[in-house]
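**Q** Dropping in input30.csv, with CSV, C-alpha atoms.
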```csv
chain,number,residue,atom,x,y,z
A,25,MET,CA,7.2,-18.0,24.2
A,26,ILE,CA,5.9,-19.5,21.0
A,27,ASN,CA,3.5,-17.3,19.0
A,28,ASN,CA,1.4,-18.6,16.1
A,29,THR,CA,0.0,-16.0,13.9
A,30,GLN,CA,-1.0,-15.0,10.3
A,31,ALA,CA,1.3,-12.7,8.5
A,32,PHE,CA,2.4,-11.1,5.3
A,33,ILE,CA,6.1,-10.6,4.5
A,34,LEU,CA,7.1,-7.0,4.0
A,35,SER,CA,10.9,-7.4,3.5
A,36,TYR,CA,13.8,-9.7,4.0
A,37,ASN,CA,17.6,-9.4,3.9
A,38,LYS,CA,20.4,-11.8,3.9
A,39,TYR,CA,22.0,-12.5,7.4
A,40,LYS,CA,25.4,-14.1,7.5
A,41,THR,CA,25.9,-17.0,5.1
A,42,SER,CA,22.6,-18.9,5.1
A,43,SER,CA,20.1,-17.0,7.2
A,44,ILE,CA,17.5,-14.3,6.6
A,45,ILE,CA,16.1,-11.5,8.7
A,46,ALA,CA,12.5,-10.8,7.7
A,47,SER,CA,9.9,-8.3,8.6
A,48,PHE,CA,6.3,-9.7,9.0
A,49,LEU,CA,3.1,-7.7,9.1
A,50,THR,CA,0.8,-9.4,11.6
A,51,LYS,CA,-2.6,-8.4,13.0
A,52,ASN,CA,-0.9,-6.8,16.0
A,53,SER,CA,2.4,-5.3,14.8
A,54,ILE,CA,5.4,-5.7,12.5
A,55,ILE,CA,7.6,-8.4,13.8
A,56,ASP,CA,11.3,-8.8,12.8
A,57,ALA,CA,12.5,-12.4,12.9
A,58,ILE,CA,15.6,-14.3,12.0
A,59,CYS,CA,15.1,-17.3,9.8
A,60,TYR,CA,18.0,-19.8,10.2
A,61,ARG,CA,19.1,-21.8,7.1
A,62,ALA,CA,16.6,-20.0,4.9
A,63,LYS,CA,19.1,-19.4,2.0
A,64,LYS,CA,21.0,-22.7,2.4
A,65,ASP,CA,17.9,-25.0,2.5
A,66,SER,CA,15.0,-24.1,0.3
A,67,LYS,CA,12.7,-26.2,2.4
A,68,ALA,CA,13.4,-24.1,5.4
A,69,PHE,CA,11.1,-21.1,4.6
A,70,GLY,CA,13.0,-19.9,1.5
A,71,SER,CA,10.2,-20.4,-1.1
A,72,ASP,CA,7.7,-18.8,1.2
A,73,PHE,CA,9.6,-15.5,1.3
A,74,GLU,CA,9.8,-15.3,-2.5
A,75,SER,CA,6.1,-15.7,-3.0
A,76,ILE,CA,3.3,-13.2,-2.7
A,77,SER,CA,1.2,-14.9,-0.1
A,78,LYS,CA,-0.7,-14.9,3.2
A,79,MET,CA,1.2,-17.0,5.7
A,80,GLN,CA,0.9,-18.9,8.9
A,81,ILE,CA,4.1,-18.5,11.0
A,82,SER,CA,5.3,-19.8,14.3
A,83,LEU,CA,7.7,-17.6,16.1
A,84,TYR,CA,9.8,-17.9,19.2
A,85,GLN,CA,9.6,-14.5,20.9
A,86,LYS,CA,11.9,-13.6,23.7
A,87,LYS,CA,10.8,-11.5,26.6
A,88,GLN,CA,13.2,-8.8,25.7
A,89,PRO,CA,12.5,-6.8,22.4
A,90,ASN,CA,15.2,-8.6,20.4
A,91,LEU,CA,14.8,-10.5,17.2
A,92,SER,CA,12.2,-13.3,17.2
A,93,ILE,CA,13.1,-16.7,15.7
A,94,LEU,CA,11.0,-18.1,13.0
A,95,LYS,CA,10.4,-21.8,13.7
A,96,GLU,CA,7.8,-22.8,11.0
A,97,SER,CA,5.9,-21.2,8.2
A,98,SER,CA,3.2,-22.3,5.7
A,99,ILE,CA,1.3,-20.6,3.0
A,100,ILE,CA,-2.4,-20.0,3.6
A,101,LYS,CA,-3.1,-18.3,0.3
A,102,ASN,CA,-0.8,-17.8,-2.6
A,103,TYR,CA,-1.4,-15.0,-5.1
A,104,ASN,CA,0.0,-16.7,-8.1
A,105,LEU,CA,-1.6,-14.3,-10.6
A,106,LEU,CA,0.1,-11.3,-9.0
A,107,GLU,CA,3.5,-13.1,-9.1
A,108,LYS,CA,3.1,-13.5,-12.9
A,109,SER,CA,2.3,-9.9,-13.5
A,110,ILE,CA,5.1,-7.4,-13.8
A,111,TYR,CA,2.7,-4.5,-13.0
A,112,SER,CA,1.1,-6.1,-9.9
A,113,SER,CA,4.5,-7.4,-8.7
A,114,LEU,CA,6.0,-3.9,-8.8
A,115,ALA,CA,2.9,-2.5,-7.1
A,116,ILE,CA,3.3,-5.0,-4.3
A,117,PHE,CA,6.9,-4.0,-3.8
A,118,TYR,CA,5.7,-0.4,-3.2
A,119,ILE,CA,2.7,-1.5,-1.0
A,120,ARG,CA,5.1,-3.5,1.2
A,121,GLU,CA,7.5,-0.6,1.5
A,122,VAL,CA,4.8,1.8,2.5
A,123,LEU,CA,3.4,-0.6,5.2
A,124,LEU,CA,6.9,-1.4,6.5
A,125,TYR,CA,7.2,2.3,7.5
A,126,SER,CA,3.6,3.1,8.3
A,127,ALA,CA,2.2,0.0,10.1
A,128,LYS,CA,4.1,0.4,13.3
A,129,ASP,CA,1.3,1.7,15.6
A,130,PHE,CA,-0.2,-1.8,16.4
A,131,ASP,CA,-3.4,-1.3,14.4
A,132,GLU,CA,-5.0,-4.4,12.9
A,133,ARG,CA,-6.4,-2.4,10.0
A,134,TYR,CA,-3.0,-2.4,8.3
A,135,PHE,CA,-3.1,-6.2,8.1
A,136,ILE,CA,-6.7,-6.0,6.8
A,137,LEU,CA,-5.7,-3.4,4.3
A,138,MET,CA,-2.9,-5.6,3.0
A,139,GLU,CA,-5.2,-8.5,2.4
A,140,LYS,CA,-7.8,-6.3,0.7
A,141,ILE,CA,-5.3,-4.6,-1.7
A,142,LEU,CA,-4.0,-8.1,-2.7
A,143,ASN,CA,-7.5,-9.3,-3.3
A,144,ALA,CA,-8.4,-6.3,-5.4
A,145,LEU,CA,-5.2,-6.6,-7.5
A,146,GLU,CA,-6.0,-10.3,-7.9
A,147,LYS,CA,-9.5,-9.4,-9.1
A,148,LEU,CA,-8.0,-7.2,-11.8
A,149,GLU,CA,-5.6,-9.8,-12.9
A,150,GLU,CA,-8.4,-12.3,-13.2
A,151,GLU,CA,-10.2,-10.0,-15.6
A,152,LYS,CA,-7.3,-8.5,-17.4
A,153,PHE,CA,-8.2,-10.4,-20.6
A,154,LEU,CA,-11.2,-8.0,-20.7
A,155,LEU,CA,-8.9,-5.0,-20.4
A,156,GLU,CA,-6.5,-3.3,-22.7
A,157,GLU,CA,-3.0,-3.1,-21.2
A,158,ASN,CA,-3.1,0.6,-20.7
A,159,LEU,CA,-6.5,0.3,-19.0
A,160,LEU,CA,-5.1,-2.4,-16.7
A,161,LYS,CA,-2.2,-0.1,-15.7
A,162,ASN,CA,-4.7,2.7,-15.1
A,163,TYR,CA,-6.7,0.6,-12.7
A,164,ILE,CA,-3.6,-0.5,-10.8
A,165,ASN,CA,-2.7,3.2,-10.4
A,166,ILE,CA,-6.2,3.9,-9.2
A,167,LEU,CA,-6.0,1.1,-6.6
A,168,LEU,CA,-2.6,2.4,-5.4
A,169,ARG,CA,-4.0,5.9,-4.9
A,170,ALA,CA,-6.9,4.4,-2.9
A,171,PHE,CA,-4.4,2.3,-0.9
A,172,GLU,CA,-2.5,5.5,-0.1
A,173,MET,CA,-5.7,7.2,0.9
A,174,LYS,CA,-6.6,4.4,3.3
A,175,VAL,CA,-3.1,4.3,4.8
A,176,LEU,CA,-3.6,8.0,5.7
A,177,TYR,CA,-7.1,7.2,7.1
A,178,ILE,CA,-5.7,4.5,9.4
A,179,ALA,CA,-3.0,6.9,10.6
A,180,GLY,CA,-5.7,9.4,11.5
A,181,ILE,CA,-4.8,12.0,8.9
A,182,SER,CA,-7.3,11.3,6.2
A,183,PRO,CA,-7.7,14.2,3.8
A,184,GLN,CA,-10.5,16.6,4.6
A,185,LEU,CA,-12.6,16.7,1.3
A,186,ASP,CA,-16.0,18.0,2.4
A,187,SER,CA,-15.3,21.7,2.9
A,188,CYS,CA,-12.4,24.1,3.4
A,189,ILE,CA,-10.3,22.7,6.3
A,190,LEU,CA,-9.7,26.2,7.6
A,191,CYS,CA,-13.0,28.0,7.3
A,192,SER,CA,-15.5,25.3,6.2
A,193,SER,CA,-16.4,27.1,3.0
A,194,GLN,CA,-18.1,24.7,0.6
A,195,LYS,CA,-16.5,26.3,-2.5
A,196,SER,CA,-12.9,25.0,-2.2
A,197,ASP,CA,-10.8,24.5,-5.3
A,198,PHE,CA,-7.3,24.1,-3.8
A,199,TYR,CA,-5.5,21.5,-1.8
A,200,SER,CA,-2.9,21.9,1.0
A,201,ILE,CA,-0.7,19.0,2.0
A,202,ILE,CA,0.4,20.8,5.1
A,203,GLU,CA,-3.2,21.5,6.2
A,204,GLY,CA,-4.4,18.1,5.1
A,205,GLY,CA,-7.4,18.9,3.0
A,206,ILE,CA,-9.1,21.2,0.5
A,207,ILE,CA,-9.0,25.0,1.0
A,208,CYS,CA,-10.9,27.9,-0.5
A,209,GLU,CA,-9.7,30.9,-2.5
A,210,ASN,CA,-9.6,33.1,0.5
A,211,CYS,CA,-7.6,30.7,2.7
A,212,LYS,CA,-5.1,29.8,0.1
A,213,ILE,CA,-3.5,33.2,0.6
A,214,ASN,CA,-2.2,31.9,4.0
A,215,SER,CA,-1.2,28.6,2.6
A,216,LYS,CA,2.4,27.9,1.5
A,217,ASP,CA,1.6,24.9,-0.6
A,218,ALA,CA,-1.9,25.4,-2.1
A,219,VAL,CA,-2.4,23.4,-5.3
A,220,LYS,CA,-5.2,24.2,-7.8
A,221,LEU,CA,-7.5,21.3,-8.2
A,222,GLU,CA,-8.9,20.6,-11.7
A,223,LYS,CA,-12.6,19.8,-12.2
A,224,GLY,CA,-13.3,16.2,-11.0
A,225,ASP,CA,-10.2,16.0,-8.7
A,226,ILE,CA,-12.2,16.2,-5.5
A,227,ASP,CA,-14.8,13.8,-6.7
A,228,PHE,CA,-12.1,11.3,-7.6
A,229,MET,CA,-10.5,11.6,-4.2
A,230,ARG,CA,-13.9,11.2,-2.5
A,231,ILE,CA,-14.5,8.1,-4.5
A,232,ILE,CA,-11.2,6.4,-3.6
A,233,LYS,CA,-11.6,7.5,0.0
A,234,LYS,CA,-15.1,6.0,0.6
A,235,THR,CA,-15.1,3.1,-1.8
A,236,SER,CA,-13.8,-0.4,-0.9
A,237,LEU,CA,-10.8,-1.6,-2.9
A,238,ILE,CA,-12.6,-4.6,-4.4
A,239,ASP,CA,-15.4,-2.3,-5.5
A,240,ILE,CA,-12.9,0.0,-7.2
A,241,ALA,CA,-11.4,-2.9,-9.0
A,242,GLN,CA,-14.9,-3.8,-10.3
A,243,ASN,CA,-16.1,-0.2,-11.1
A,244,LYS,CA,-16.2,0.2,-14.9
A,245,ASP,CA,-16.7,3.9,-14.8
A,246,ILE,CA,-14.0,5.1,-12.4
A,247,ASN,CA,-11.4,5.2,-15.1
A,248,ASN,CA,-13.2,8.2,-16.5
A,249,PHE,CA,-12.5,10.2,-13.3
A,250,TYR,CA,-9.0,8.9,-13.2
A,251,ILE,CA,-8.0,10.0,-16.7
A,252,ASN,CA,-8.7,13.7,-15.9
A,253,SER,CA,-7.3,13.6,-12.3
A,254,ILE,CA,-4.3,11.4,-12.2
A,255,THR,CA,-1.6,14.1,-12.2
A,256,ASN,CA,-2.9,16.1,-9.3
A,257,VAL,CA,-4.3,13.3,-7.2
A,258,ARG,CA,-1.1,11.1,-7.6
A,259,ASP,CA,1.0,14.1,-6.6
A,260,ILE,CA,-1.2,14.9,-3.6
A,261,MET,CA,-1.2,11.3,-2.3
A,262,ASN,CA,2.6,10.9,-2.8
A,263,LYS,CA,3.4,14.2,-1.0
A,264,SER,CA,0.9,13.4,1.7
A,265,LEU,CA,2.6,10.1,2.5
A,266,PHE,CA,6.0,11.9,2.5
A,267,ASN,CA,4.6,14.5,4.8
A,268,HIS,CA,3.4,11.7,7.1
A,269,LEU,CA,6.4,9.4,7.0
A,270,ASN,CA,9.3,11.7,5.8
A,271,LYS,CA,10.3,8.9,3.4
A,272,ASN,CA,10.9,8.7,-0.3
A,273,PHE,CA,10.1,5.2,-1.6
A,274,LYS,CA,12.5,3.8,-4.1
A,275,SER,CA,10.0,1.2,-5.3
A,276,LEU,CA,7.6,4.0,-6.3
A,277,LYS,CA,10.1,5.5,-8.8
A,278,VAL,CA,10.6,2.1,-10.5
A,279,LEU,CA,6.8,1.4,-10.4
A,280,GLU,CA,5.9,4.7,-12.0
A,281,GLU,CA,8.5,4.4,-14.7
A,282,VAL,CA,6.8,1.1,-15.8
A,283,LEU,CA,3.2,2.1,-15.3
A,284,PHE,CA,3.5,5.5,-17.0
A,285,ASN,CA,5.5,4.4,-20.1
```
Show this structure as structure tokens.
**A**
Amino acid sequence: MINNTQAFILSYNKYKTSSIIASFLTKNSIIDAICYRAKKDSKAFGSDFESISKMQISLYQKKQPNLSILKESSIIKNYNLLEKSIYSSLAIFYIREVLLYSAKDFDERYFILMEKILNALEKLEEEKFLLEENLLKNYINILLRAFEMKVLYIAGISPQLDSCILCSSQKSDFYSIIEGGIICENCKINSKDAVKLEKGDIDFMRIIKKTSLIDIAQNKDINNFYINSITNVRDIMNKSLFNHLNKNFKSLKVLEEVLFN
């Protein structure tokens, strides 16, 4: 059966001498496909895999759940500005890796999220001449925390930030990864991983939870929240993803070495 669909590439690896096995994020699922001659003949898909782009792909899918075969591919939209930016390029390696392990529950929202994070990063790159380098790096970090928050939301484990997740107390100044939300002074006694939140941390998390990615990219004031909250919120988001996926992301270590130096 031939299936024509839109896709984003998440990963690809060499297969034998001249072929590639690639993982595509589509609106319905992640599809693994073998791409014959991709390395031997650059016209046979090779350049598509190396670009940051939204693609149209044509797949031959067997009835049995084996590898599909990529028949054709074309680029719908190429994100040239992101390819030219070391910061955005590294961010996308991380985004792809997260989605490769999280977007396996047949939810179209992962595909939509991928497109929205690419558009938001592109917006930043379009305006980077207005930003100092450190400010650009800050905004990329903010977008990544928002991306992580939205991955957790799609997975059905969005952090509870309105009141104590255990007793509903409004005065809650701690966060528990295990419980999945903020907890109060009394409940933290029973928590094994309670982390003290600094002033503004909850507000920052609420902003990135409820605000669209493109609006975050265009928000000129959010950096003020970010500066005071980056350490706690970054740590909370990273540990929350690990708790969800039981996966350490190699791309994140490289990304943070660049963004925080």
**Q** Find the residues around Leu124 (chain A) up to 8 Å (all atoms listed in the file counted), leave out those fewer than 5 positions away in its own chain, and share them as a list in words.
**A**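 These residues fall inside the cut-off: Leu34, Ser35, Ser47, Leu49 and Ile54 of chain A.
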**Q** Export C-alpha atoms of the chosen residues as an mmCIF file, in the coordinates of the input?
**A**
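Result file follows (part23.cif):
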```
data_model
loop_
_atom_site.group_PDB
_atom_site.id
_atom_site.type_symbol
_atom_site.label_atom_id
_atom_site.label_comp_id
_atom_site.auth_asym_id
_atom_site.auth_seq_id
_atom_site.Cartn_x
_atom_site.Cartn_y
_atom_site.Cartn_z
ATOM 1 C CA LEU A 34 7.100 -7.000 4.000
ATOM 2 C CA SER A 35 10.900 -7.400 3.500
ATOM 3 C CA SER A 47 9.900 -8.300 8.600
ATOM 4 C CA LEU A 49 3.100 -7.700 9.100
ATOM 5 C CA ILE A 54 5.400 -5.700 12.500
#
```
**Q** Can you measure CA of Lys140 (chain A) to CA of Ile201 (chain A) for me? One decimal in Å is fine.
**A**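 These two atoms are separated by 26.3 Å.
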**Q** Just the number, please: distance in Å from CA of Ser98 (chain A) to CA of Asp129 (chain A), one decimal.
**A**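 Going from CA of Ser98 (chain A) over to CA of Asp129 (chain A) covers 26.0 Å.
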**Q** Considering all atoms listed in the file, return as a count of residues only whatever protein or nucleic-acid residues lie within 12 Å of region 175-179 of chain A, sequence-local ones (same chain, fewer than 4 positions apart) excluded.
**A** 42
**Q** Of the residues A:Glu139, A:Glu121, A:Asp259, A:Asp56, which is the one nearest to Ser77 (chain A), using all atoms listed in the file?
**A**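 Nearest to Ser77 (chain A): A:Glu139.
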**Q** Could you please determine the separation between CA of Asn248 (chain A) and CA of Cys208 (chain A) in Å, to one decimal place?
**A**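 Straight-line distance from CA of Asn248 (chain A) to CA of Cys208 (chain A) works out to 25.5 Å.
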**Q** At most 12 Å from (-13.7, 0.3, -14.1), file frame, all atoms listed in the file: which residues, as a ChimeraX atom specification?
**A** /A:147-148,151-152,154-156,159-167,237-251
**Q** Write a file of the selected residues as a CSV table (one decimal), in the frame of the given file, keeping C-alpha atoms.
**A**
```csv
chain,number,residue,atom,x,y,z
A,147,LYS,CA,-9.5,-9.4,-9.1
A,148,LEU,CA,-8.0,-7.2,-11.8
A,151,GLU,CA,-10.2,-10.0,-15.6
A,152,LYS,CA,-7.3,-8.5,-17.4
A,154,LEU,CA,-11.2,-8.0,-20.7
A,155,LEU,CA,-8.9,-5.0,-20.4
A,156,GLU,CA,-6.5,-3.3,-22.7
A,159,LEU,CA,-6.5,0.3,-19.0
A,160,LEU,CA,-5.1,-2.4,-16.7
A,161,LYS,CA,-2.2,-0.1,-15.7
A,162,ASN,CA,-4.7,2.7,-15.1
A,163,TYR,CA,-6.7,0.6,-12.7
A,164,ILE,CA,-3.6,-0.5,-10.8
A,165,ASN,CA,-2.7,3.2,-10.4
A,166,ILE,CA,-6.2,3.9,-9.2
A,167,LEU,CA,-6.0,1.1,-6.6
A,237,LEU,CA,-10.8,-1.6,-2.9
A,238,ILE,CA,-12.6,-4.6,-4.4
A,239,ASP,CA,-15.4,-2.3,-5.5
A,240,ILE,CA,-12.9,0.0,-7.2
A,241,ALA,CA,-11.4,-2.9,-9.0
A,242,GLN,CA,-14.9,-3.8,-10.3
A,243,ASN,CA,-16.1,-0.2,-11.1
A,244,LYS,CA,-16.2,0.2,-14.9
A,245,ASP,CA,-16.7,3.9,-14.8
A,246,ILE,CA,-14.0,5.1,-12.4
A,247,ASN,CA,-11.4,5.2,-15.1
A,248,ASN,CA,-13.2,8.2,-16.5
A,249,PHE,CA,-12.5,10.2,-13.3
A,250,TYR,CA,-9.0,8.9,-13.2
A,251,ILE,CA,-8.0,10.0,-16.7
```
**Q** So that I can check the surroundings of Cys191 (chain A), please list as a ChimeraX atom specification every protein, DNA and RNA residue that reaches within 12 Å of it, counting only C-alpha atoms and ignoring chain neighbours fewer than 5 positions away.
**A** /A:184,186,196,203,205-212,214
**Q** Taking all atoms listed in the file into account, name the residue in A:Lys86, A:Phe228, A:Leu91, A:Ile202 that is nearest to Ala46 (chain A).
**A**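 Closest to Ala46 (chain A) of all the choices is A:Leu91.
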**Q** Give me the residues within 9 Å of Arg230 (chain A) as a list in words, counting all atoms listed in the file and dropping any in the same chain fewer than 5 places off.
**A**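 Non-adjacent residues within range: Leu185, Asp186, Asp225 and Thr235 of chain A.
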**Q** For those residues, write C-alpha atoms to a file as a tab-separated table (two decimals), in the coordinates of the input.
**A**
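This is the output file again.tsv:
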```
chain	number	residue	atom	x	y	z
A	185	LEU	CA	-12.60	16.70	1.30
A	186	ASP	CA	-16.00	18.00	2.40
A	225	ASP	CA	-10.20	16.00	-8.70
A	235	THR	CA	-15.10	3.10	-1.80
```
